[in-house]
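K.L.:
For reference, this is model-v2.txt, and it has compact mmCIF, C-alpha atoms.
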# COMPACT_ATOMS: atom_id res chain seq x y z
CA MET P 1 0.00 0.00 0.00
CA ASN P 2 1.58 3.31 -1.04
CA ARG P 3 0.88 6.74 0.41
CA ASP P 4 -1.84 7.43 -2.20
CA CYS P 5 -3.83 4.43 -0.96
CA GLN P 6 -5.02 5.69 2.48
CA PRO P 7 -7.07 8.67 1.19
CA ILE P 8 -8.76 6.31 -1.28
CA ARG P 9 -9.34 3.64 1.38
CA ASP P 10 -11.04 6.32 3.51
CA LEU P 11 -13.53 6.71 0.65
CA LEU P 12 -14.19 3.03 -0.08
CA ASP P 13 -17.07 2.57 2.36
CA SER P 14 -18.82 5.71 1.17
CA TYR P 15 -18.19 4.52 -2.38
CA LEU P 16 -19.98 1.27 -1.57
CA SER P 17 -22.81 3.25 0.01
CA ASN P 18 -23.05 5.39 -3.12
CA GLU P 19 -22.50 8.53 -1.06
CA LEU P 20 -19.53 10.04 -2.95
CA THR P 21 -19.58 13.00 -5.26
CA VAL P 22 -18.98 12.35 -8.96
CA GLU P 23 -15.44 13.74 -8.64
CA SER P 24 -14.61 11.42 -5.75
CA VAL P 25 -16.05 8.42 -7.61
CA HIS P 26 -13.76 9.22 -10.57
CA ALA P 27 -10.78 9.54 -8.21
CA VAL P 28 -11.58 6.14 -6.69
CA HIS P 29 -11.95 4.55 -10.14
CA ARG P 30 -8.65 6.03 -11.36
CA HIS P 31 -6.86 4.69 -8.29
CA LEU P 32 -8.47 1.24 -8.44
CA ASP P 33 -7.43 0.86 -12.10
CA THR P 34 -3.80 0.97 -11.04
CA CYS P 35 -3.84 -0.41 -7.46
CA GLY P 36 -4.53 -4.10 -6.99
CA GLY P 37 -4.27 -3.79 -3.19
CA CYS P 38 -7.09 -1.25 -2.92
CA ALA P 39 -9.19 -3.08 -5.53
CA GLY P 40 -8.82 -6.20 -3.37
CA GLU P 41 -9.72 -4.19 -0.26
CA LEU P 42 -12.88 -2.93 -1.98
CA VAL P 43 -13.89 -6.51 -2.81
CA ARG P 44 -13.23 -7.65 0.77
CA ARG P 45 -15.24 -4.75 2.23
CA GLU P 46 -18.11 -5.49 -0.12
CA ARG P 47 -17.95 -9.12 0.90
CA THR P 48 -17.83 -8.11 4.60
CA ARG P 49 -21.06 -6.19 4.14
CA ALA P 50 -22.69 -9.11 2.41
CA LEU P 51 -21.60 -11.41 5.22
CA LEU P 52 -22.83 -8.89 7.79
CA ARG P 53 -26.24 -8.83 6.14
CA GLN P 54 -26.33 -12.60 6.30
CA ALA P 55 -25.08 -12.59 9.88
CA VAL P 56 -27.78 -10.27 11.15
CA ASP P 57 -30.49 -11.51 8.84
CA VAL P 58 -33.68 -12.32 10.69
CA PRO P 59 -36.45 -14.20 8.90
CA VAL P 60 -39.61 -12.21 9.49
CA ASP P 61 -43.25 -12.83 8.82
CA VAL P 62 -45.25 -9.64 8.90
CA THR P 63 -48.64 -11.37 8.75
CA THR P 64 -48.93 -11.65 12.52
CA SER P 65 -47.51 -8.19 13.10
CA MET P 66 -49.89 -6.66 10.59
CA ALA P 67 -52.87 -8.22 12.34
CA ARG P 68 -51.59 -7.11 15.75
CA ILE P 69 -51.02 -3.54 14.57
CA ALA P 70 -54.38 -3.35 12.81
CA GLY P 71 -56.02 -4.62 15.99
CA ALA P 72 -54.17 -2.09 18.16
CA ILE P 73 -55.12 0.79 15.85
CA ASP P 74 -58.71 -0.41 15.72
CA ARG P 75 -58.88 -0.58 19.53
CA GLU P 76 -57.47 2.92 19.85
CA GLN P 77 -59.84 4.25 17.20
CA ARG P 78 -62.82 2.79 19.03
CA LEU P 79 -61.58 4.18 22.33
CA ARG P 80 -61.13 7.64 20.82
CA SER P 81 -64.55 7.56 19.23
CA ARG P 82 -66.10 6.45 22.53
CA LEU P 83 -64.25 9.18 24.40
CA ALA P 84 -65.33 11.79 21.86
CA ARG P 85 -68.93 10.59 22.08
CA TYR P 86 -69.13 10.44 25.84
CA GLY P 87 -66.54 13.06 26.73
CA ALA P 88 -68.87 16.02 26.35
CA ALA P 89 -71.65 14.20 28.20
CA ILE P 90 -69.28 13.29 31.03
CA VAL P 91 -68.11 16.89 31.36
CA LEU P 92 -71.69 18.13 31.28
CA LEU P 93 -72.76 15.60 33.93
CA ALA P 94 -69.81 16.58 36.09
CA VAL P 95 -70.71 20.26 35.83
CA VAL P 96 -74.38 19.58 36.57
CA GLY P 97 -73.43 17.26 39.43
CA ILE P 98 -71.15 19.82 41.01
CA GLY P 99 -73.79 22.48 40.44
CA LEU P 100 -76.46 20.36 42.11
CA TRP P 101 -74.14 19.52 44.97
CA LEU P 102 -73.41 23.18 45.55
CA TRP P 103 -77.06 24.07 45.06
CA ASP P 104 -78.14 21.44 47.58
CA ALA P 105 -75.69 22.60 50.15
CA VAL P 106 -77.45 25.91 50.87
CA ASP P 107 -80.61 27.45 49.44
CA VAL P 108 -79.04 30.87 48.97
CA ALA P 109 -82.13 32.39 47.36
CA ALA P 110 -84.57 31.35 50.08
CA PHE P 111 -84.74 34.62 52.01
CA ASN P 112 -84.45 36.84 48.95
CA ASP P 113 -87.33 35.04 47.24
CA SER P 114 -89.39 35.21 50.40
CA VAL P 115 -89.17 38.98 50.40
CA ASP P 116 -89.21 39.65 46.66
CA ASN P 117 -92.26 37.59 45.85
CA HIS P 118 -94.44 37.54 48.89
CA VAL P 119 -94.30 41.19 49.79
CA VAL P 120 -95.46 42.09 46.29
CA CYS P 121 -98.11 39.38 46.42
CA ALA P 122 -99.38 40.51 49.84
CA LEU P 123 -99.58 44.15 48.75
CA LYS P 124 -101.76 43.14 45.80
CA VAL P 125 -104.51 41.83 48.07
CA PRO P 126 -107.29 44.48 47.84
CA PRO P 127 -107.64 46.72 50.93
CA THR P 128 -111.23 45.62 51.35
CA ALA P 129 -110.52 41.88 51.06
CA VAL P 130 -111.97 39.58 53.71
CA TYR P 131 -110.89 35.99 54.12
CA ASP P 132 -113.25 33.55 52.36
CA ASP P 133 -112.99 29.79 53.03
CA ASP P 134 -114.46 28.81 49.65
CA ARG P 135 -112.17 31.13 47.72
CA ALA P 136 -109.18 29.86 49.67
CA ALA P 137 -110.19 26.22 49.08
CA ARG P 138 -110.25 26.85 45.34
CA ARG P 139 -106.81 28.42 45.36
CA LEU P 140 -104.96 26.10 47.72
CA ASP P 141 -103.44 22.72 46.96
CA PRO P 142 -105.45 20.12 48.89
CA GLN P 143 -102.61 19.08 51.21
CA TYR P 144 -102.38 22.65 52.56
CA LEU P 145 -106.10 23.14 53.32
CA GLY P 146 -105.50 21.68 56.78
CA VAL P 147 -102.61 24.04 57.39
CA VAL P 148 -104.67 27.12 56.72
CA SER P 149 -107.69 25.89 58.65
CA ALA P 150 -105.48 25.15 61.68
CA MET P 151 -104.25 28.74 61.79
CA ALA P 152 -106.09 31.39 63.83
CA ARG P 153 -107.98 33.99 61.82
CA ARG P 154 -106.51 36.74 63.97
CA TYR P 155 -103.15 37.26 65.76
CA GLY P 156 -103.03 40.46 67.81
CA ASN P 157 -104.73 42.94 65.53
CA TYR P 158 -103.65 41.15 62.34
CA ASP P 159 -106.51 39.49 60.44
CA LEU P 160 -106.19 36.74 57.88
CA VAL P 161 -107.29 38.25 54.58
CA ASP P 162 -106.17 35.73 51.97
CA ALA P 163 -104.67 32.27 51.47
CA HIS P 164 -103.52 30.84 48.16
CA MET P 165 -100.71 28.98 46.37
CA CYS P 166 -97.87 31.06 44.98
CA ARG P 167 -95.70 29.68 42.20
CA TYR P 168 -92.51 31.70 41.94
CA LEU P 169 -89.28 30.72 40.19
CA ARG P 170 -90.35 27.05 40.09
CA ARG P 171 -91.10 27.09 43.83
CA ASP P 172 -94.55 26.24 45.22
CA TYR P 173 -95.55 28.12 48.36
CA VAL P 174 -98.64 28.10 50.48
CA HIS P 175 -99.12 31.79 51.25
CA MET P 176 -101.27 33.33 53.99
CA VAL P 177 -101.68 37.10 54.21
CA TYR P 178 -102.51 38.82 57.49
CA ARG P 179 -103.08 42.54 57.67
CA ALA P 180 -103.53 45.31 60.24
CA HIS P 181 -104.01 48.98 59.30
CA GLY P 182 -103.03 48.28 55.74
CA ARG P 183 -99.73 46.70 56.70
CA PRO P 184 -99.40 43.08 55.66
CA ILE P 185 -97.64 40.11 57.19
CA SER P 186 -96.87 37.23 54.85
CA LEU P 187 -96.72 33.76 56.31
CA PHE P 188 -95.74 31.07 53.86
CA ALA P 189 -94.15 27.65 53.53
CA GLU P 190 -92.51 25.64 50.75
CA PRO P 191 -91.27 22.06 50.49
CA ILE P 192 -87.51 21.73 50.93
CA LEU P 193 -86.33 21.12 47.37
CA HIS P 194 -83.43 23.55 47.04
CA GLY P 195 -81.23 22.83 50.02
CA ALA P 196 -80.98 24.00 53.60
CA LEU P 197 -81.62 27.56 54.76
CA PRO P 198 -78.61 29.83 55.04
CA ALA P 199 -77.09 29.94 58.52
CA GLN P 200 -78.57 33.28 59.54
CA PRO P 201 -82.18 32.98 60.83
CA SER P 202 -83.40 36.23 59.29
CA VAL P 203 -82.60 38.86 56.73
CA THR P 204 -83.68 42.44 56.12
CA ARG P 205 -84.23 43.34 52.50
CA LYS P 206 -85.99 46.20 50.75
CA GLY P 207 -87.48 47.43 54.03
CA TYR P 208 -88.92 44.08 55.07
CA VAL P 209 -87.76 41.53 57.65
CA SER P 210 -87.89 37.85 56.78
CA VAL P 211 -87.51 35.12 59.40
CA GLY P 212 -87.21 31.49 58.35
CA VAL P 213 -87.33 28.16 60.17
CA ALA P 214 -87.20 24.60 58.92
CA THR P 215 -89.40 21.63 59.71
CA ALA P 216 -88.58 18.12 58.50
CA HIS P 217 -89.75 18.79 54.93
CA HIS P 218 -90.66 22.48 54.73
CA HIS P 219 -89.22 25.91 55.15
CA VAL P 220 -91.57 28.31 56.90
CA PHE P 221 -91.13 32.08 56.59
CA ILE P 222 -92.74 35.14 58.08
CA VAL P 223 -92.18 38.54 56.46
CA HIS P 224 -93.23 41.88 57.91
CA ASP P 225 -92.66 45.57 57.43
CA GLN P 226 -89.44 46.75 59.08
CA ALA P 227 -90.72 50.32 59.58
CA ALA P 228 -93.83 49.24 61.52
CA PRO P 229 -93.06 45.84 62.93
CA PRO P 230 -95.66 43.70 64.65
CA SER P 231 -95.07 42.78 68.28
CA SER P 232 -92.76 39.87 68.89
CA ASP P 233 -95.71 38.00 70.45
CA VAL P 234 -97.57 38.21 67.18
CA VAL P 235 -94.59 37.06 65.16
CA THR P 236 -93.78 34.22 67.55
CA SER P 237 -97.31 32.90 67.89
CA MET P 238 -97.98 33.18 64.16
CA LEU P 239 -94.75 31.31 63.31
CA ASP P 240 -95.34 28.67 66.02
CA SER P 241 -98.84 27.97 64.73
CA ALA P 242 -97.62 27.70 61.16
CA VAL P 243 -94.78 25.35 62.11
CA SER P 244 -97.00 23.05 64.17
CA SER P 245 -99.69 22.88 61.47
CA ILE P 246 -97.05 22.12 58.83
CA ARG P 247 -95.64 19.40 61.08
CA ASN P 248 -99.12 17.94 61.36
CA ILE P 249 -99.40 17.43 57.64
CA GLU P 250 -95.88 16.03 57.45
CA ARG P 251 -96.72 13.20 59.85
CA MET K 1 -48.43 -0.22 6.05
CA PRO K 2 -45.15 0.50 4.25
CA TYR K 3 -41.67 -0.79 5.16
CA MET K 4 -43.08 -3.20 7.70
CA ALA K 5 -40.80 -6.14 6.86
CA GLU K 6 -37.59 -4.13 7.08
CA LEU K 7 -38.67 -2.35 10.24
CA LEU K 8 -39.54 -5.68 11.83
CA ARG K 9 -36.08 -6.98 10.90
CA MET K 10 -34.51 -3.88 12.40
CA ALA K 11 -36.63 -4.27 15.53
CA ALA K 12 -35.54 -7.89 15.83
CA ARG K 13 -31.89 -6.86 15.54
CA LEU K 14 -32.34 -4.18 18.18
CA ARG K 15 -34.29 -6.35 20.60
CA GLY K 16 -32.88 -9.77 19.75
CA ASP K 17 -36.20 -11.41 20.52
CA ARG K 18 -39.12 -12.01 18.19
CA SER K 19 -41.86 -11.17 20.67
CA ALA K 20 -40.10 -8.01 21.88
CA ALA K 21 -39.48 -7.03 18.24
CA GLU K 22 -43.18 -7.36 17.44
CA ASP K 23 -44.03 -5.24 20.47
CA LEU K 24 -41.59 -2.58 19.29
CA LEU K 25 -42.98 -2.69 15.75
CA GLN K 26 -46.56 -2.41 17.01
CA GLU K 27 -45.69 0.57 19.20
CA THR K 28 -43.84 2.17 16.27
CA TYR K 29 -46.76 1.93 13.85
CA LEU K 30 -49.27 2.90 16.53
CA GLN K 31 -47.17 5.97 17.29
CA ALA K 32 -46.91 6.71 13.56
CA TRP K 33 -50.68 6.44 13.24
CA ARG K 34 -51.18 8.76 16.20
CA SER K 35 -48.81 11.39 14.87
CA PHE K 36 -49.55 10.97 11.18
CA ARG K 37 -50.87 14.53 11.03
CA HIS K 38 -47.30 15.69 11.71
CA PHE K 39 -45.96 13.80 8.70
CA GLU K 40 -45.36 16.09 5.76
CA PRO K 41 -46.35 14.50 2.45
CA GLY K 42 -43.43 14.44 0.04
CA THR K 43 -40.84 13.97 2.80
CA ASN K 44 -39.08 10.69 3.45
CA CYS K 45 -41.60 8.28 4.97
CA ARG K 46 -38.97 5.57 5.44
CA ALA K 47 -36.68 7.83 7.49
CA TRP K 48 -39.70 9.08 9.46
CA LEU K 49 -40.71 5.52 10.38
CA TYR K 50 -37.14 4.61 11.31
CA LYS K 51 -36.98 7.71 13.47
CA ILE K 52 -40.11 6.65 15.36
CA LEU K 53 -38.73 3.11 15.69
CA MET K 54 -35.41 4.32 17.10
CA PHE K 55 -37.10 6.79 19.43
CA THR K 56 -39.52 4.15 20.71
CA HIS K 57 -36.67 1.71 21.20
CA SER K 58 -34.57 4.25 23.15
CA ARG K 59 -37.50 5.31 25.29
CA ALA K 60 -38.35 1.71 26.16
CA ARG K 61 -34.74 1.06 27.14
CA ARG K 62 -34.62 4.19 29.25
CA ASP K 63 -37.87 3.24 30.96
CA ALA K 64 -36.56 -0.24 31.58
CA SER K 65 -33.29 0.89 33.09
CA ARG K 66 -34.78 3.93 34.89
CA ARG K 67 -31.66 5.91 34.17
CA PRO K 68 -30.61 8.23 31.38
CA ALA K 69 -28.86 6.80 28.38
CA THR K 70 -25.06 6.99 28.66
CA THR K 71 -22.53 7.39 25.93
CA GLN K 72 -20.47 4.37 25.00
CA LEU K 73 -17.79 6.26 23.17
CA ASP K 74 -15.23 5.29 25.79
CA MET K 75 -15.57 1.67 24.82
CA ALA K 76 -13.57 2.33 21.69
CA PRO K 77 -10.03 3.46 22.52
CA GLU K 78 -8.77 6.32 20.37
CA SER K 79 -5.68 4.34 19.45
CA ALA K 80 -7.89 1.61 18.03
CA LEU K 81 -9.90 4.15 16.08
CA ARG K 82 -6.78 5.65 14.50
CA PHE K 83 -5.68 2.21 13.30
CA ASP K 84 -7.30 1.39 9.97
CA PRO K 85 -6.47 -2.19 9.11
CA SER K 86 -7.12 -3.88 5.82
CA THR K 87 -9.98 -6.30 5.81
CA PRO K 88 -8.72 -9.82 6.49
CA ASP K 89 -9.54 -12.70 4.22
CA PRO K 90 -11.11 -15.25 4.34
CA LEU K 91 -14.12 -14.24 6.43
CA THR K 92 -17.11 -16.22 7.63
CA VAL K 93 -20.60 -15.21 8.65
CA GLU K 94 -19.78 -16.28 12.21
CA SER K 95 -16.62 -14.21 12.43
CA VAL K 96 -18.37 -11.12 11.04
CA LYS K 97 -21.25 -11.63 13.47
CA ALA K 98 -18.88 -12.03 16.42
CA ALA K 99 -16.95 -8.89 15.45
CA PHE K 100 -20.16 -6.92 14.90
CA ASP K 101 -21.52 -7.91 18.32
CA THR K 102 -18.49 -6.35 20.01
CA LEU K 103 -19.26 -2.88 18.61
CA PRO K 104 -20.61 -0.26 21.00
CA GLU K 105 -24.31 0.18 20.39
CA ARG K 106 -24.16 3.64 18.83
CA TYR K 107 -21.72 2.39 16.17
CA ARG K 108 -23.60 -0.88 15.74
CA ILE K 109 -26.86 0.97 15.05
CA ALA K 110 -25.22 3.33 12.56
CA VAL K 111 -23.67 0.39 10.69
CA LEU K 112 -26.97 -1.50 10.81
CA LEU K 113 -28.93 1.38 9.33
CA VAL K 114 -26.50 2.16 6.52
CA ASP K 115 -24.52 -1.00 5.66
CA VAL K 116 -27.30 -3.51 6.37
CA GLU K 117 -30.58 -1.67 5.86
CA GLN K 118 -29.00 0.52 3.17
CA LEU K 119 -30.41 3.81 4.38
CA THR K 120 -28.65 6.83 2.96
CA TYR K 121 -26.53 8.89 5.33
CA ARG K 122 -29.24 11.54 5.39
CA GLU K 123 -31.98 8.99 6.12
CA ALA K 124 -29.91 7.53 8.94
CA SER K 125 -29.25 10.97 10.42
CA GLU K 126 -32.99 11.69 10.32
CA ALA K 127 -33.80 8.30 11.83
CA LEU K 128 -31.43 8.89 14.74
CA ASP K 129 -32.20 12.61 14.88
CA ILE K 130 -28.52 13.55 14.79
CA PRO K 131 -26.50 15.69 12.34
CA ILE K 132 -25.29 13.99 9.19
CA GLY K 133 -21.68 14.66 10.25
CA THR K 134 -22.27 12.67 13.41
CA ILE K 135 -23.66 9.71 11.52
CA MET K 136 -20.65 9.79 9.19
CA SER K 137 -18.31 9.86 12.15
CA ARG K 138 -20.07 6.95 13.84
CA LEU K 139 -20.01 4.97 10.60
CA SER K 140 -16.33 5.58 10.10
CA ARG K 141 -15.48 4.51 13.64
CA GLY K 142 -17.87 1.56 13.57
CA ARG K 143 -16.50 0.20 10.31
CA ARG K 144 -12.89 0.59 11.46
CA LEU K 145 -13.62 -1.14 14.75
CA LEU K 146 -15.34 -3.93 12.88
CA ARG K 147 -12.27 -4.43 10.68
CA LEU K 148 -10.03 -4.25 13.74
CA HIS K 149 -11.98 -6.99 15.50
CA LEU K 150 -11.92 -9.11 12.35
CA VAL K 151 -8.15 -8.69 12.17
CA GLN K 152 -7.76 -9.63 15.83
CA GLN K 153 -9.90 -12.73 15.33
CA ALA K 154 -7.93 -13.72 12.24
CA SER K 155 -4.61 -13.20 14.09
CA ALA K 156 -5.88 -15.34 16.93
CA HIS K 157 -6.58 -18.09 14.42
CA GLY K 158 -3.17 -17.65 12.77
CA ILE K 159 -4.44 -16.40 9.45
CA ALA K 160 -1.45 -14.96 7.62
CA GLY K 161 -3.12 -12.09 5.74
CA ALA K 162 -4.57 -10.69 8.93
CA ALA K 163 -1.80 -8.31 9.81
CA ASN K 164 -1.42 -6.47 6.54
CA GLY K 165 -2.98 -3.29 7.84
CA LYS K 166 -1.35 0.00 8.66
CA LYS K 167 -0.12 0.06 12.26
CA PRO K 168 -0.68 3.18 14.31
Please, can you express the file's structure as structure tokens?
P.N.:
Amino acid sequence: MNRDCQPIRDLLDSYLSNELTVESVHAVHRHLDTCGGCAGELVRRERTRALLRQAVDVPVDVTTSMARIAGAIDREQRLRSRLARYGAAIVLLAVVGIGLWLWDAVDVAAFNDSVDNHVVCALKVPPTAVYDDDRAARRLDPQYLGVVSAMARRYGNYDLVDAHMCRYLRRDYVHMVYRAHGRPISLFAEPILHGALPAQPSVTRKGYVSVGVATAHHHVFIVHDQAAPPSSDVVTSMLDSAVSSIRNIER
Amino acid sequence: MPYMAELLRMAARLRGDRSAAEDLLQETYLQAWRSFRHFEPGTNCRAWLYKILMFTHSRARRDASRRPATTQLDMAPESALRFDPSTPDPLTVESVKAAFDTLPERYRIAVLLVDVEQLTYREASEALDIPIGTIMSRLSRGRRLLRLHLVQQASAHGIAGAANGKKP
């Protein structure tokens, strides 16, 4: 091997891999034409590669692999499609579930609704109205007839002037209106469907005071004018009567 | 599914076990299917599939060993890499296989991709996600080491033409 051989030998593997430039290929050819040693080395390297391919040859059958891969892709496709189909529903259910859980924890609107609806409703009762059993019977749900009939017609100087069902924001209330000197007191109850009452027993809103208590299955509220409040005896006896009559129908 | 036979062969060479090779192939094609939207039509599909195969193989090995991959460059002494012997003759399949098995993995994989699977240098660099200069360097070192081991084997067996290489 002369000193021209080594640069050519450095190119022989790339020559076999067909990675040389045209100029380098010509240089290799020119050298090989005159150098038996390098020509022999090229043959031996080519043979080494052929032997290496034989040495590492692995007989393969892709039939099984193809079936396995097709099966794996199919399984993943079905999983993705199922996830896409049910994913939105699962998220929606989770949101609704969390919402219901939070909603059930505390009925945050209870006192607000008691003031907002029933004060307006009580003020609409005509000033000349007198309580009428037949009218009340037509306007009350049957299960609450006993509640109203168990209540006194008068507490202090407050007279019962009306009793009816109120439906407000998907809530069903039995509503009794007492009045003295044009000032109403609303006494009403609703089934517990929206969670427990907030921790505070009363709230003042828009000039009216609302007090709420819970029985086993109902919330019972009494709402009166803050500026001219009834005596505490009136409030207490009215609320006690309402609670005990509600408890009677719950038994 | 293109190139499946050659990728399965490559997987078998990397894993050395038929069942493990089929697992590797399945994971490769599944990964290719998952990321097919990233494949640019008109680019080299073969190199892309090899790249996924090599990445999946490396990741599985890393997961199995629970430690980062380490370089094996030290396994080839620089003095050995400077020595470029002539290829001894005669050679057998067994001697070539024995010499090949002694190569550090990074050289063995480069030689497998180019000299056995006949990927171009560029395809091999894409498959291994390394610069083309690095693949050329690994090939050069791997081929020299292979020849060196063949010469050493031949010398051990007293074959006369084994020592006709250039000494360092």
K.L.:
Can you measure atom CA of K:Leu30 to atom CA of K:Leu8 for me? One decimal in Å is fine.
P.N.:
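Computed distance, atom CA of K:Leu30 to atom CA of K:Leu8, equals 13.8 Å.
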K.L.:
At a cut-off of 12 Å, list the chain P residues touching chain K, using all atoms listed in the file, as JSON, numbers by chain.
P.N.:
{"P": [1, 2, 3, 5, 6, 7, 9, 10, 11, 12, 13, 14, 15, 16, 17, 18, 19, 20, 37, 38, 39, 40, 41, 42, 43, 44, 45, 46, 47, 48, 49, 50, 51, 52, 53, 54, 55, 56, 57, 58, 59, 60, 61, 62, 63, 64, 65, 66, 67, 68, 69, 70, 71, 72, 73, 74, 75, 76, 77, 80]}
K.L.:
Using Å and a single decimal, report how far atom CA of P:Gln200 sits from atom CA of P:Leu160.
P.N.:
27.9 Å
K.L.:
Report the distance between atom CA of P:Asp240 and atom CA of P:His118 in Å, rounded to one decimal place.
P.N.:
19.3 Å
K.L.:
Write out as number ranges by chain the residues lying within 12 Å of P:Lys124, counting all atoms listed in the file and excluding same-chain residues fewer than 3 positions away.
P.N.:
P: 117-121, 127-129, 161-162, 177, 179, 182-184, 186
K.L.:
Looking at P:Ala110, P:Val147, P:Val209, P:Leu239, which one is nearest to P:Ile192, with distances taken over only C-alpha atoms?
P.N.:
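Of P:Ala110, P:Val147, P:Val209, P:Leu239, the one nearest P:Ile192, counting only C-alpha atoms, is P:Ala110.
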K.L.:
So that I can see what lies close to K:Pro2, please list as a ChimeraX atom specification the residues with an atom at most 10 Å from it, counting all atoms listed in the file and leaving out residues fewer than 6 positions away in the same chain.
P.N.:
/K:29,45-46,49
K.L.:
Determine, counting only C-alpha atoms, which protein, DNA and RNA residues have an atom within 8 Å of an atom of stretch 220-235 of chain P; residues of the same chain fewer than 5 positions away are not included. Present the result as a PyMOL selection string.
P.N.:
chain P and resi 114-115+118-119+155-156+183-190+204+207-215+242-243
